[in-house]
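Presented below is the structure to which this report refers.
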Amino acid sequence: MGKPFILVSSITYAMKSRDLLFSHGIKAYVERTTRLKEQQGCGYGVYVPNNTDQAEQILAEAGIRIIGRAERDDFQ
């Protein structure tokens with residue numbers, strides 16, 4: 001089983017997402033998606049080891065454009 005990864009439209013949004021999620025008590029880490037099939041966006045996203053559904057909801061409510069979701073195993 002992979003690890004949850006939220007794909008965003010830019011590295012700027014990835015960093016904002018990380019900071020926003022940390023402020024809500026959710027661990028999040030900016031990572032590059034080097035080998036993701038059908039790559040979209042800038043190639044960066046946020047690895048969220050826990051509470052991924054909640055994290056995605058927080059980001060959407062904050063107006064951060066979410067391209068999709070993947071598992072880290074999909075591109076490593």
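Quick note on naming: the chains in the structure tokens go A, B, ... in the order shown, residues restart at 1 in each chain, and ligands are numbered from 1 in order of appearance.
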For Arg18 of chain A, work out the shell of residues within 12 Å, counting only C-alpha atoms and skipping chain neighbours fewer than 4 positions away, then give it as a PyMOL selection string.
-> chain A and resi 5-8+11-14+22-31+44-48+55-56+58-59+64
